[in-house]
Structures are given as structure tokens and as C-alpha cells.
Amino acid sequence: MTSIAVIGAGITGVTTAYELALRGFEVTVYDRNRYPAMETSFANGGQLSASNAEVWNHPSTILKGLGWLLKSDAPLSLSLAPSWHKYSWLAEFLGHIRHYASHTTQTARLAVAARARMVQIAADEGISFDRSDRGILHFYATEAQMAHARRVTDLLAQGGVERIELDAQAIRRLEPRLQGDFAGGFHTPSDATGDIHLFTSGLAQASQRHGVRFEMESEILFCRHDSTGVRIALRDKAGQRLEASHLAVVICAGTGSRRLAQMLGDRINIYPVKGYSITVNLCDAASRDAAPELSLLDDAAKIVTSRLGPDRFRVAGTAEFAGENRDIRACRIRPLVDWVNRHFPEISTRQCVPWAGLRPMMPSMLPKVGPGRRAGVFYNTGHGHLGWTLSAATAELVAGSVAARFEAAPRTALRKAA
């Protein structure tokens with residue numbers, strides 16, 4: 001029993017496994033899918049966005065949400081079906097409004113650290129993932145929105161994020177393809193974009209070179225802590241029930257983390273907040289010329305975009321509170337297509353690939369990173385809409401936490417103990 005188990009092969013699980021391997025641990029990753037990064041880490045908005053670190057616990061979010069309740073195409077959709085988990089989660093979310101400013105700055109600081117670490121990992125391992133370092137442009141339609149954005153900019157600056165304020169003319173100079181009327185905007189040159197699936201898949205391959213084992217198509221039946229460590233029961237791809245023992249476990253299971261935490265004696269109040277995206281295939285020269293090179297964030301519509309190489313344009317957004325539901329609803333995809341048609345009318349939207357994923361979101365909007373109540377149990381989960389942005393930093397934090405707990409954990413020491 002010489003290995004650390006990591007449950008989940010999305011962006012947080014794979015970065016965690018990688019950092020643990022670099023610290024000398026033997027690591028086994030478990031995931032129910034055939035390949036890494038097949039759920040929430042498959043087709044998100046693509047932004048590595050410290051500039052989007054503002055948490056949602058703000059009175060304006062509540063007011064907008066109430067106004068959107070009966071609109072099927074609104075940026076935020078709340079199913080009114082009764083659910084104790086949903087309504088208790090929302091009550092906790094409201095309780096964190098008083099921490100809005102500090103949590104925004106804290107998230108920004110974490111995002112800045114993650115950005116530097118991810119750049120280093122990509123360089124060290126030679127991972128190509130359609131990365132673009134042109135920055136992200138937030139744009140706003142009204143002066144009231146700009147006033148709020150200036151307050152957010154001050155909070156982000158306290159976390160080390162620098163944004164440049166632009167007027168409408170400067171927006172058009174920076175991204176002349178974007179059509180519409182704007183009061184102004186902010187450009188964050190240090191932000192980036194990329195394909196999360198390509199990055200996670202590349203990092204999984206790099207992790208294997210560092211000795212990480214991937215047990216894919218493994219459905220976790222239970223996790224149990226005992227005096228010797230953590231026991232995991234799983235059903236493999238052949239349908240057989242197997243058990244494995246590990247020195248410790250790191251839960252990186254996205255929306256499944258709540259159930260696993262309960263088995264391990266912890267309360268991790270994650271709610272699955274569904275997000276949608278479309279990938280517009282730029283099949284003709286006119287569409288490729290019309291698609292923006294710069295990553296965008298439309299604050300009013302809560303829509304983000306990324307240019308993924310020459311032939312793909314990713315558009316993502318919306319937040320849907322409907323429980324563990326992965327259905328792709330046409331009424332949620334249509335606003336994304338309409339947004340492209342409105343702001344980039346020369347792009348052909350004949351070929352749009354829709355997708356939906358469940359963001360694992362904590363009421364505080366801060367991820368759960370570090371040890372649980374019991375020795376040998378750790379978490380790196382609950383990143384919400386910023387899993388791609390924060391993962392490299394939180395993986396370092398949790399790997400450091402594991403190393404601090406198990407000082408004798410490097411492979412040579414573990415083999416002697418075994």
C-alpha cells in the first residue's frame with residue numbers, strides 16, 4: 001500500500017496527480033470514463049481568466065436572477081422543482097454575500113499563481129493546447145455596468161490582476177470584428193485561452209511518463225477510511241467488483257465529490273451548476289476571417305468566447321440550477337447561436353457542436369482544497385466556473401498538503417515501509 005489515490009481525471013484530478021508524482025509519490029487515478037477530461041473538462045469556455053475571478057455572491061446577482069426566473073433563455077435558469085439540497089445551497093450562497101470582496105480578491109490571487117504554474121507545466125512537458133496569450137476583453141453596454149466593473153477592477157488589483165479600461169473606440173481598435181454598441185470595457189493582457197481537453201489529455205500523458213497509473217472505466221462504489229489508510233471499492237469495465245488500499249486519497253471528482261465526502265465523514269456542499277457551450281466550426285475562409293482572435297466576455301449576457309486554433313470558435317455561458325441533469329436543452333443553446341449571429345454576422349453558424357457540463361460549485365464560490373477531518377483524506381474540488389483557471393495552483397496546494405502530512409511518502413521511503 002504505497003500509493004496515493006486520486007479520484008477524478010478531469011483538470012483538477014490530473015493536475016493533482018502530476019504534482020504528487022513530481023513530489024515522489026506513487027499515484028493511481030480513478031475515473032468512470034474511458035478517457036481523461038470527458039465531463040466538465042471537455043468543452044468549457046476555454047478562458048484562463050484571472051479577470052473573471054469575481055465571485056457571484058453579490059446582491060446584483062440575486063436581483064438579476066429573480067428577474068430571469070421565468071425566462072427559459074436567461075443567462076441564469078433556476079428550476080423551481082422542490083429540492084432540499086438546492087434551496088439549502090442557495091441559502092448558504094446568500095450567507096456569503098458579506099464575503100464578496102474578500103473572496104473575489106482571494107480568487108484573483110489564486111488565479112495569478114495558477115497562471116504562472118500552468119505556463120511552466122506546459123513548457124516543461126511540451127503540451128500543445130491551442131493556447132493564445134492575447135488576453136481577454138470584457139465589454140459592457142451601459143455606464144452602470146462600467147461603474148460596477150471599475151469596482152471589480154479594484155478588487156482584482158488587490159489580488160494582482162491588472163486590467164486596462166477602454167472606451168468604445170478602443171474596443172473597436174482592439175477587436176474590430178466585434179459588432180455592437182458599447183459603453184466601454186476592460187482588457188486583461190495577461191489572461192489566456194486554450195483547449196482544456198487538449199491540455200488535460202496532454203498532461204495525463206505526461207503524468208504517465210512520471211509514473212502515474214490511470215484506472216479508467218472504474219466506477220467508485222465506496223471510499224472508506226480505516227486505521228491503515230483508505231479503502232476503495234470499484235466496479236471495473238468488465239463489471240467486476242474490486243477493492244484497493246491506499247495510503248491516502250485526494251477527491252477531485254467534480255459534482256461527485258459531495259457523495260464521496262459523505263462516505264469519508266466530511267460535508268462538501270457542492271451543487272452541480274450546468275453550463276453550456278457551442279463549438280462553431282469555421283469551415284470557410286469568410287468565417288475564419290470574421291471570427292475574433294481576442295477572447296471576449298459579455299458581462300450582461302454572461303457569455304465567454306475563445307478562438308481555438310484557426311478553425312474553431314468556442315462560445316460558452318449560462319448557469320442552470322437543475323440538479324444532476326446533463327441534458328442539452330435547445331432553449332439554452334439557441335441564445336449562444338443568436339449571440340454569435342448578432343455580434344459576428346459574417347460567421348456561418350451552420351456547424352455548431354453543442355455541449356453541456358456540470359460545474360461543481362461551493363456556496364462560497366471558493367474551492368475546497370486541503371485535508372478533510374480524517375488523516376489521509378484530502379480534497380481539491382468545488383472550483384465552479386474557474387476550474388481551468390485555478391487548477392494549477394490548487395493542485396500545488398493540495399500536493400503540498402499531502403507531502404506535509406506524509407513526510408516519509410517519497411517512493412524510496414514508501415517502499416521501505418511496505
# chains A, B, ... in the order shown; residues from 1 in each chain; ligands from 1

$ select_by_dssp --residues "range 267-360 of chain A" --states "helix (DSSP H, G or I)" --output "list in words"
Ala285, Ala286, Ser287, Arg288, Asp289, Ala290, Ala330, Cys331, Arg332, Ile333, Arg334, Pro335, Leu336, Val337, Asp338, Trp339, Val340, Asn341, Arg342 and His343 of chain A

$ residues_around --residues "Phe186 in chain A" --least-positions-apart "5" --cutoff "10 Å" --atoms "only C-alpha atoms" --output "PDB file with N, CA, C and O atoms, in the first residue's frame"
ATOM      1  N   SER A  51      -9.172  37.576 -14.758  1.00  0.00           N
ATOM      2  CA  SER A  51     -10.069  38.731 -14.830  1.00  0.00           C
ATOM      3  C   SER A  51     -11.521  38.366 -14.572  1.00  0.00           C
ATOM      4  O   SER A  51     -12.364  39.253 -14.382  1.00  0.00           O
ATOM      5  N   ILE A 136      -7.904  38.861 -22.515  1.00  0.00           N
ATOM      6  CA  ILE A 136      -9.361  38.776 -22.545  1.00  0.00           C
ATOM      7  C   ILE A 136      -9.948  40.170 -22.473  1.00  0.00           C
ATOM      8  O   ILE A 136      -9.499  41.008 -21.673  1.00  0.00           O
ATOM      9  N   LEU A 137     -10.959  40.414 -23.308  1.00  0.00           N
ATOM     10  CA  LEU A 137     -11.661  41.697 -23.353  1.00  0.00           C
ATOM     11  C   LEU A 137     -13.057  41.543 -22.758  1.00  0.00           C
ATOM     12  O   LEU A 137     -13.875  40.773 -23.272  1.00  0.00           O
ATOM     13  N   HIS A 138     -13.320  42.235 -21.650  1.00  0.00           N
ATOM     14  CA  HIS A 138     -14.677  42.349 -21.108  1.00  0.00           C
ATOM     15  C   HIS A 138     -15.312  43.594 -21.720  1.00  0.00           C
ATOM     16  O   HIS A 138     -14.691  44.666 -21.730  1.00  0.00           O
ATOM     17  N   PHE A 139     -16.554  43.476 -22.206  1.00  0.00           N
ATOM     18  CA  PHE A 139     -17.212  44.675 -22.730  1.00  0.00           C
ATOM     19  C   PHE A 139     -18.586  44.845 -22.103  1.00  0.00           C
ATOM     20  O   PHE A 139     -19.233  43.881 -21.691  1.00  0.00           O
ATOM     21  N   TYR A 140     -19.008  46.106 -22.022  1.00  0.00           N
ATOM     22  CA  TYR A 140     -20.217  46.482 -21.281  1.00  0.00           C
ATOM     23  C   TYR A 140     -21.063  47.430 -22.116  1.00  0.00           C
ATOM     24  O   TYR A 140     -20.544  48.286 -22.838  1.00  0.00           O
ATOM     25  N   MET A 146     -20.349  49.629 -16.390  1.00  0.00           N
ATOM     26  CA  MET A 146     -18.956  50.066 -16.317  1.00  0.00           C
ATOM     27  C   MET A 146     -18.590  50.485 -14.892  1.00  0.00           C
ATOM     28  O   MET A 146     -17.481  50.212 -14.411  1.00  0.00           O
ATOM     29  N   ALA A 149     -17.948  47.441 -13.004  1.00  0.00           N
ATOM     30  CA  ALA A 149     -16.701  46.832 -13.467  1.00  0.00           C
ATOM     31  C   ALA A 149     -15.486  47.545 -12.884  1.00  0.00           C
ATOM     32  O   ALA A 149     -14.468  46.901 -12.604  1.00  0.00           O
ATOM     33  N   ARG A 150     -15.585  48.850 -12.692  1.00  0.00           N
ATOM     34  CA  ARG A 150     -14.464  49.569 -12.076  1.00  0.00           C
ATOM     35  C   ARG A 150     -14.259  49.130 -10.629  1.00  0.00           C
ATOM     36  O   ARG A 150     -13.112  48.994 -10.166  1.00  0.00           O
ATOM     37  N   THR A 153     -12.599  45.832 -10.765  1.00  0.00           N
ATOM     38  CA  THR A 153     -11.196  46.004 -11.143  1.00  0.00           C
ATOM     39  C   THR A 153     -10.343  46.339  -9.936  1.00  0.00           C
ATOM     40  O   THR A 153      -9.209  45.846  -9.798  1.00  0.00           O
ATOM     41  N   GLU A 162      -4.159  43.007 -13.301  1.00  0.00           N
ATOM     42  CA  GLU A 162      -4.191  44.345 -13.879  1.00  0.00           C
ATOM     43  C   GLU A 162      -5.079  44.359 -15.115  1.00  0.00           C
ATOM     44  O   GLU A 162      -4.892  43.566 -16.041  1.00  0.00           O
ATOM     45  N   ARG A 163      -6.066  45.258 -15.105  1.00  0.00           N
ATOM     46  CA  ARG A 163      -6.968  45.424 -16.254  1.00  0.00           C
ATOM     47  C   ARG A 163      -6.853  46.854 -16.775  1.00  0.00           C
ATOM     48  O   ARG A 163      -6.699  47.801 -16.002  1.00  0.00           O
ATOM     49  N   ILE A 164      -6.966  46.997 -18.086  1.00  0.00           N
ATOM     50  CA  ILE A 164      -6.852  48.306 -18.736  1.00  0.00           C
ATOM     51  C   ILE A 164      -8.240  48.746 -19.172  1.00  0.00           C
ATOM     52  O   ILE A 164      -8.924  48.041 -19.917  1.00  0.00           O
ATOM     53  N   GLU A 165      -8.681  49.925 -18.710  1.00  0.00           N
ATOM     54  CA  GLU A 165     -10.001  50.417 -19.087  1.00  0.00           C
ATOM     55  C   GLU A 165      -9.966  50.976 -20.510  1.00  0.00           C
ATOM     56  O   GLU A 165      -9.021  51.677 -20.909  1.00  0.00           O
ATOM     57  N   LEU A 166     -11.019  50.677 -21.268  1.00  0.00           N
ATOM     58  CA  LEU A 166     -11.123  51.088 -22.663  1.00  0.00           C
ATOM     59  C   LEU A 166     -12.439  51.802 -22.902  1.00  0.00           C
ATOM     60  O   LEU A 166     -13.459  51.458 -22.294  1.00  0.00           O
ATOM     61  N   ASP A 167     -12.424  52.777 -23.819  1.00  0.00           N
ATOM     62  CA  ASP A 167     -13.689  53.341 -24.271  1.00  0.00           C
ATOM     63  C   ASP A 167     -14.158  52.558 -25.504  1.00  0.00           C
ATOM     64  O   ASP A 167     -13.500  51.613 -25.950  1.00  0.00           O
ATOM     65  N   ALA A 170     -11.682  52.338 -28.379  1.00  0.00           N
ATOM     66  CA  ALA A 170     -10.544  51.455 -28.106  1.00  0.00           C
ATOM     67  C   ALA A 170     -10.938  49.987 -28.247  1.00  0.00           C
ATOM     68  O   ALA A 170     -10.143  49.153 -28.686  1.00  0.00           O
ATOM     69  N   ILE A 171     -12.180  49.646 -27.866  1.00  0.00           N
ATOM     70  CA  ILE A 171     -12.668  48.283 -28.058  1.00  0.00           C
ATOM     71  C   ILE A 171     -12.656  47.917 -29.529  1.00  0.00           C
ATOM     72  O   ILE A 171     -12.215  46.824 -29.916  1.00  0.00           O
ATOM     73  N   LEU A 297     -15.599  38.508 -23.153  1.00  0.00           N
ATOM     74  CA  LEU A 297     -16.573  38.222 -22.105  1.00  0.00           C
ATOM     75  C   LEU A 297     -17.631  39.312 -22.143  1.00  0.00           C
ATOM     76  O   LEU A 297     -17.340  40.486 -21.902  1.00  0.00           O
TER      77      LEU A 297
END

$ select_by_dssp --residues "range 110-171 of chain A" --states "strand (DSSP E or B)" --output "list of chain:residue names"
A:Ser132, A:Ile136, A:Leu137, A:His138, A:Phe139, A:Tyr140, A:Ile164, A:Glu165, A:Leu166

$ write_last_selection --atoms "all heavy atoms" --output "PDB file, in the first residue's frame"
ATOM      1  N   SER A 132      -3.594  30.735 -26.609  1.00  0.00           N
ATOM      2  CA  SER A 132      -3.448  32.099 -27.120  1.00  0.00           C
ATOM      3  C   SER A 132      -3.222  33.037 -25.944  1.00  0.00           C
ATOM      4  O   SER A 132      -3.938  32.974 -24.939  1.00  0.00           O
ATOM      5  CB  SER A 132      -4.699  32.531 -27.882  1.00  0.00           C
ATOM      6  OG  SER A 132      -4.630  33.910 -28.211  1.00  0.00           O
ATOM      7  N   ILE A 136      -7.904  38.861 -22.515  1.00  0.00           N
ATOM      8  CA  ILE A 136      -9.361  38.776 -22.545  1.00  0.00           C
ATOM      9  C   ILE A 136      -9.948  40.170 -22.473  1.00  0.00           C
ATOM     10  O   ILE A 136      -9.499  41.008 -21.673  1.00  0.00           O
ATOM     11  CB  ILE A 136      -9.888  37.911 -21.380  1.00  0.00           C
ATOM     12  CG1 ILE A 136      -9.413  36.458 -21.546  1.00  0.00           C
ATOM     13  CG2 ILE A 136     -11.412  37.960 -21.295  1.00  0.00           C
ATOM     14  CD1 ILE A 136      -9.786  35.557 -20.393  1.00  0.00           C
ATOM     15  N   LEU A 137     -10.959  40.414 -23.308  1.00  0.00           N
ATOM     16  CA  LEU A 137     -11.661  41.697 -23.353  1.00  0.00           C
ATOM     17  C   LEU A 137     -13.057  41.543 -22.758  1.00  0.00           C
ATOM     18  O   LEU A 137     -13.875  40.773 -23.272  1.00  0.00           O
ATOM     19  CB  LEU A 137     -11.757  42.183 -24.800  1.00  0.00           C
ATOM     20  CG  LEU A 137     -12.674  43.389 -25.064  1.00  0.00           C
ATOM     21  CD1 LEU A 137     -12.154  44.631 -24.338  1.00  0.00           C
ATOM     22  CD2 LEU A 137     -12.801  43.645 -26.566  1.00  0.00           C
ATOM     23  N   HIS A 138     -13.320  42.235 -21.650  1.00  0.00           N
ATOM     24  CA  HIS A 138     -14.677  42.349 -21.108  1.00  0.00           C
ATOM     25  C   HIS A 138     -15.312  43.594 -21.720  1.00  0.00           C
ATOM     26  O   HIS A 138     -14.691  44.666 -21.730  1.00  0.00           O
ATOM     27  CB  HIS A 138     -14.648  42.541 -19.584  1.00  0.00           C
ATOM     28  CG  HIS A 138     -14.254  41.328 -18.809  1.00  0.00           C
ATOM     29  ND1 HIS A 138     -13.020  40.717 -18.955  1.00  0.00           N
ATOM     30  CD2 HIS A 138     -14.912  40.634 -17.861  1.00  0.00           C
ATOM     31  CE1 HIS A 138     -12.949  39.687 -18.120  1.00  0.00           C
ATOM     32  NE2 HIS A 138     -14.082  39.607 -17.453  1.00  0.00           N
ATOM     33  N   PHE A 139     -16.554  43.476 -22.206  1.00  0.00           N
ATOM     34  CA  PHE A 139     -17.212  44.675 -22.730  1.00  0.00           C
ATOM     35  C   PHE A 139     -18.586  44.845 -22.103  1.00  0.00           C
ATOM     36  O   PHE A 139     -19.233  43.881 -21.691  1.00  0.00           O
ATOM     37  CB  PHE A 139     -17.287  44.660 -24.268  1.00  0.00           C
ATOM     38  CG  PHE A 139     -18.084  43.530 -24.864  1.00  0.00           C
ATOM     39  CD1 PHE A 139     -19.457  43.650 -25.055  1.00  0.00           C
ATOM     40  CD2 PHE A 139     -17.456  42.359 -25.263  1.00  0.00           C
ATOM     41  CE1 PHE A 139     -20.193  42.624 -25.632  1.00  0.00           C
ATOM     42  CE2 PHE A 139     -18.189  41.325 -25.834  1.00  0.00           C
ATOM     43  CZ  PHE A 139     -19.564  41.462 -26.014  1.00  0.00           C
ATOM     44  N   TYR A 140     -19.008  46.106 -22.022  1.00  0.00           N
ATOM     45  CA  TYR A 140     -20.217  46.482 -21.281  1.00  0.00           C
ATOM     46  C   TYR A 140     -21.063  47.430 -22.116  1.00  0.00           C
ATOM     47  O   TYR A 140     -20.544  48.286 -22.838  1.00  0.00           O
ATOM     48  CB  TYR A 140     -19.833  47.143 -19.950  1.00  0.00           C
ATOM     49  CG  TYR A 140     -18.936  46.265 -19.113  1.00  0.00           C
ATOM     50  CD1 TYR A 140     -17.548  46.363 -19.227  1.00  0.00           C
ATOM     51  CD2 TYR A 140     -19.463  45.332 -18.233  1.00  0.00           C
ATOM     52  CE1 TYR A 140     -16.715  45.549 -18.479  1.00  0.00           C
ATOM     53  CE2 TYR A 140     -18.638  44.525 -17.471  1.00  0.00           C
ATOM     54  CZ  TYR A 140     -17.267  44.633 -17.605  1.00  0.00           C
ATOM     55  OH  TYR A 140     -16.442  43.818 -16.860  1.00  0.00           O
ATOM     56  N   ILE A 164      -6.966  46.997 -18.086  1.00  0.00           N
ATOM     57  CA  ILE A 164      -6.852  48.306 -18.736  1.00  0.00           C
ATOM     58  C   ILE A 164      -8.240  48.746 -19.172  1.00  0.00           C
ATOM     59  O   ILE A 164      -8.924  48.041 -19.917  1.00  0.00           O
ATOM     60  CB  ILE A 164      -5.916  48.232 -19.952  1.00  0.00           C
ATOM     61  CG1 ILE A 164      -4.521  47.738 -19.531  1.00  0.00           C
ATOM     62  CG2 ILE A 164      -5.838  49.582 -20.656  1.00  0.00           C
ATOM     63  CD1 ILE A 164      -3.631  47.373 -20.696  1.00  0.00           C
ATOM     64  N   GLU A 165      -8.681  49.925 -18.710  1.00  0.00           N
ATOM     65  CA  GLU A 165     -10.001  50.417 -19.087  1.00  0.00           C
ATOM     66  C   GLU A 165      -9.966  50.976 -20.510  1.00  0.00           C
ATOM     67  O   GLU A 165      -9.021  51.677 -20.909  1.00  0.00           O
ATOM     68  CB  GLU A 165     -10.475  51.492 -18.115  1.00  0.00           C
ATOM     69  CG  GLU A 165     -11.886  51.977 -18.429  1.00  0.00           C
ATOM     70  CD  GLU A 165     -12.494  52.838 -17.340  1.00  0.00           C
ATOM     71  OE1 GLU A 165     -11.930  52.892 -16.233  1.00  0.00           O
ATOM     72  OE2 GLU A 165     -13.544  53.465 -17.605  1.00  0.00           O
ATOM     73  N   LEU A 166     -11.019  50.677 -21.268  1.00  0.00           N
ATOM     74  CA  LEU A 166     -11.123  51.088 -22.663  1.00  0.00           C
ATOM     75  C   LEU A 166     -12.439  51.802 -22.902  1.00  0.00           C
ATOM     76  O   LEU A 166     -13.459  51.458 -22.294  1.00  0.00           O
ATOM     77  CB  LEU A 166     -11.061  49.867 -23.593  1.00  0.00           C
ATOM     78  CG  LEU A 166      -9.884  48.896 -23.429  1.00  0.00           C
ATOM     79  CD1 LEU A 166     -10.109  47.680 -24.311  1.00  0.00           C
ATOM     80  CD2 LEU A 166      -8.577  49.574 -23.776  1.00  0.00           C
TER      81      LEU A 166
END

$ residues_around --residues "Ser277 in chain A" --least-positions-apart "6" --cutoff "9 Å" --atoms "only C-alpha atoms" --output "VMD selection string"
chain A and resid 43 to 45 314 to 318 333 336 353 to 357

$ residues_around --residues "Ser190 in chain A" --least-positions-apart "6" --cutoff "9 Å" --atoms "only C-alpha atoms" --output "list of chain:residue names"
A:Ser49, A:Ala50, A:Arg115, A:Asp133, A:Arg134, A:Gly135, A:Ile136, A:Val161, A:Glu162, A:Arg163

$ write_last_selection --atoms "all heavy atoms" --output "short mmCIF file (atom, residue, chain, number, x, y, z; two decimals), in the first residue's frame"
data_model
loop_
_atom_site.label_atom_id
_atom_site.label_comp_id
_atom_site.auth_asym_id
_atom_site.auth_seq_id
_atom_site.Cartn_x
_atom_site.Cartn_y
_atom_site.Cartn_z
N SER A 49 -8.80 32.79 -16.98
CA SER A 49 -9.27 34.17 -16.79
C SER A 49 -9.20 34.63 -15.34
O SER A 49 -10.18 34.55 -14.61
CB SER A 49 -10.70 34.30 -17.31
OG SER A 49 -11.53 33.28 -16.75
N ALA A 50 -8.05 35.13 -14.95
CA ALA A 50 -7.97 35.79 -13.64
C ALA A 50 -8.91 36.99 -13.60
O ALA A 50 -9.41 37.36 -12.53
CB ALA A 50 -6.53 36.23 -13.38
N ARG A 115 -1.86 30.77 -13.13
CA ARG A 115 -1.44 31.14 -14.48
C ARG A 115 0.05 30.89 -14.67
O ARG A 115 0.47 30.27 -15.66
CB ARG A 115 -1.77 32.61 -14.72
CG ARG A 115 -1.42 33.14 -16.10
CD ARG A 115 -2.00 34.53 -16.26
NE ARG A 115 -1.48 35.48 -15.28
CZ ARG A 115 -2.10 36.60 -14.91
NH1 ARG A 115 -3.27 36.89 -15.43
NH2 ARG A 115 -1.55 37.42 -14.04
N ASP A 133 -2.23 33.89 -26.07
CA ASP A 133 -1.88 34.82 -24.99
C ASP A 133 -2.24 36.27 -25.33
O ASP A 133 -1.58 37.21 -24.90
CB ASP A 133 -0.38 34.73 -24.69
CG ASP A 133 0.02 33.38 -24.12
OD1 ASP A 133 -0.70 32.88 -23.23
OD2 ASP A 133 1.03 32.81 -24.57
N ARG A 134 -3.33 36.46 -26.07
CA ARG A 134 -3.75 37.80 -26.46
C ARG A 134 -4.52 38.53 -25.36
O ARG A 134 -4.83 39.71 -25.50
CB ARG A 134 -4.61 37.74 -27.72
CG ARG A 134 -3.88 37.22 -28.96
CD ARG A 134 -4.85 37.02 -30.11
NE ARG A 134 -4.19 36.48 -31.29
CZ ARG A 134 -3.70 37.21 -32.29
NH1 ARG A 134 -3.82 38.53 -32.24
NH2 ARG A 134 -3.13 36.64 -33.32
N GLY A 135 -4.87 37.82 -24.31
CA GLY A 135 -5.64 38.45 -23.23
C GLY A 135 -7.14 38.27 -23.43
O GLY A 135 -7.59 37.62 -24.37
N ILE A 136 -7.90 38.86 -22.52
CA ILE A 136 -9.36 38.78 -22.55
C ILE A 136 -9.95 40.17 -22.47
O ILE A 136 -9.50 41.01 -21.67
CB ILE A 136 -9.89 37.91 -21.38
CG1 ILE A 136 -9.41 36.46 -21.55
CG2 ILE A 136 -11.41 37.96 -21.30
CD1 ILE A 136 -9.79 35.56 -20.39
N VAL A 161 -4.20 41.30 -10.30
CA VAL A 161 -4.69 41.29 -11.68
C VAL A 161 -4.79 42.72 -12.19
O VAL A 161 -5.47 43.55 -11.59
CB VAL A 161 -6.07 40.61 -11.79
CG1 VAL A 161 -6.56 40.61 -13.23
CG2 VAL A 161 -6.00 39.18 -11.26
N GLU A 162 -4.16 43.01 -13.30
CA GLU A 162 -4.19 44.34 -13.88
C GLU A 162 -5.08 44.36 -15.11
O GLU A 162 -4.89 43.57 -16.04
CB GLU A 162 -2.78 44.80 -14.25
CG GLU A 162 -1.86 44.97 -13.04
CD GLU A 162 -0.50 45.53 -13.43
OE1 GLU A 162 -0.34 45.93 -14.61
OE2 GLU A 162 0.38 45.58 -12.56
N ARG A 163 -6.07 45.26 -15.11
CA ARG A 163 -6.97 45.42 -16.25
C ARG A 163 -6.85 46.85 -16.77
O ARG A 163 -6.70 47.80 -16.00
CB ARG A 163 -8.41 45.14 -15.87
CG ARG A 163 -8.65 43.76 -15.31
CD ARG A 163 -10.06 43.28 -15.56
NE ARG A 163 -11.11 44.08 -14.93
CZ ARG A 163 -12.41 43.81 -15.06
NH1 ARG A 163 -12.80 42.79 -15.80
NH2 ARG A 163 -13.32 44.56 -14.45
#

$ residues_around --residues "His85 in chain A" --least-positions-apart "4" --cutoff "10 Å" --atoms "only C-alpha atoms" --output "ChimeraX atom specification"
/A:89-91,269-271,323

$ closest_residue --among "A:His58, A:Arg373, A:Lys274, A:His385" --to "Ala261 in chain A" --atoms "only C-alpha atoms"
A:Arg373

$ residues_around --residues "Ala74 in chain A" --least-positions-apart "5" --cutoff "12 Å" --atoms "only C-alpha atoms" --output "PyMOL selection string"
chain A and resi 64-69+300-303+317-320+331-336

$ residues_around --residues "Glu92 in chain A" --least-positions-apart "3" --cutoff "8 Å" --atoms "only C-alpha atoms" --output "list in words"
Ser88, Trp89, Gly95, His96, Pro363 and Ser364 of chain A

$ write_last_selection --atoms "C-alpha atoms" --output "PDB file, in the first residue's frame"
ATOM      1  CA  SER A  88     -30.221  24.928   1.307  1.00  0.00           C
ATOM      2  CA  TRP A  89     -27.258  25.573  -1.010  1.00  0.00           C
ATOM      3  CA  GLY A  95     -24.896  33.958   3.581  1.00  0.00           C
ATOM      4  CA  HIS A  96     -21.588  34.507   1.789  1.00  0.00           C
ATOM      5  CA  PRO A 363     -21.808  28.282  -1.851  1.00  0.00           C
ATOM      6  CA  SER A 364     -18.776  30.444  -1.034  1.00  0.00           C
TER       7      SER A 364
END

$ closest_residue --among "A:Ile121, A:Val377, A:Ala286, A:Leu366" --to "Asn57 in chain A" --atoms "only C-alpha atoms"
A:Leu366

$ closest_residue --among "A:Ala192, A:Ala322, A:Cys223, A:Ala238" --to "Asp266 in chain A" --atoms "only C-alpha atoms"
A:Cys223

$ closest_residue --among "A:Asp311, A:Asp338, A:Glu324, A:Asp31" --to "Met216 in chain A" --atoms "only C-alpha atoms"
A:Asp31

$ closest_residue --among "A:Leu48, A:Ala206, A:Arg231, A:Arg172" --to "Pro189 in chain A" --atoms "only C-alpha atoms"
A:Leu48
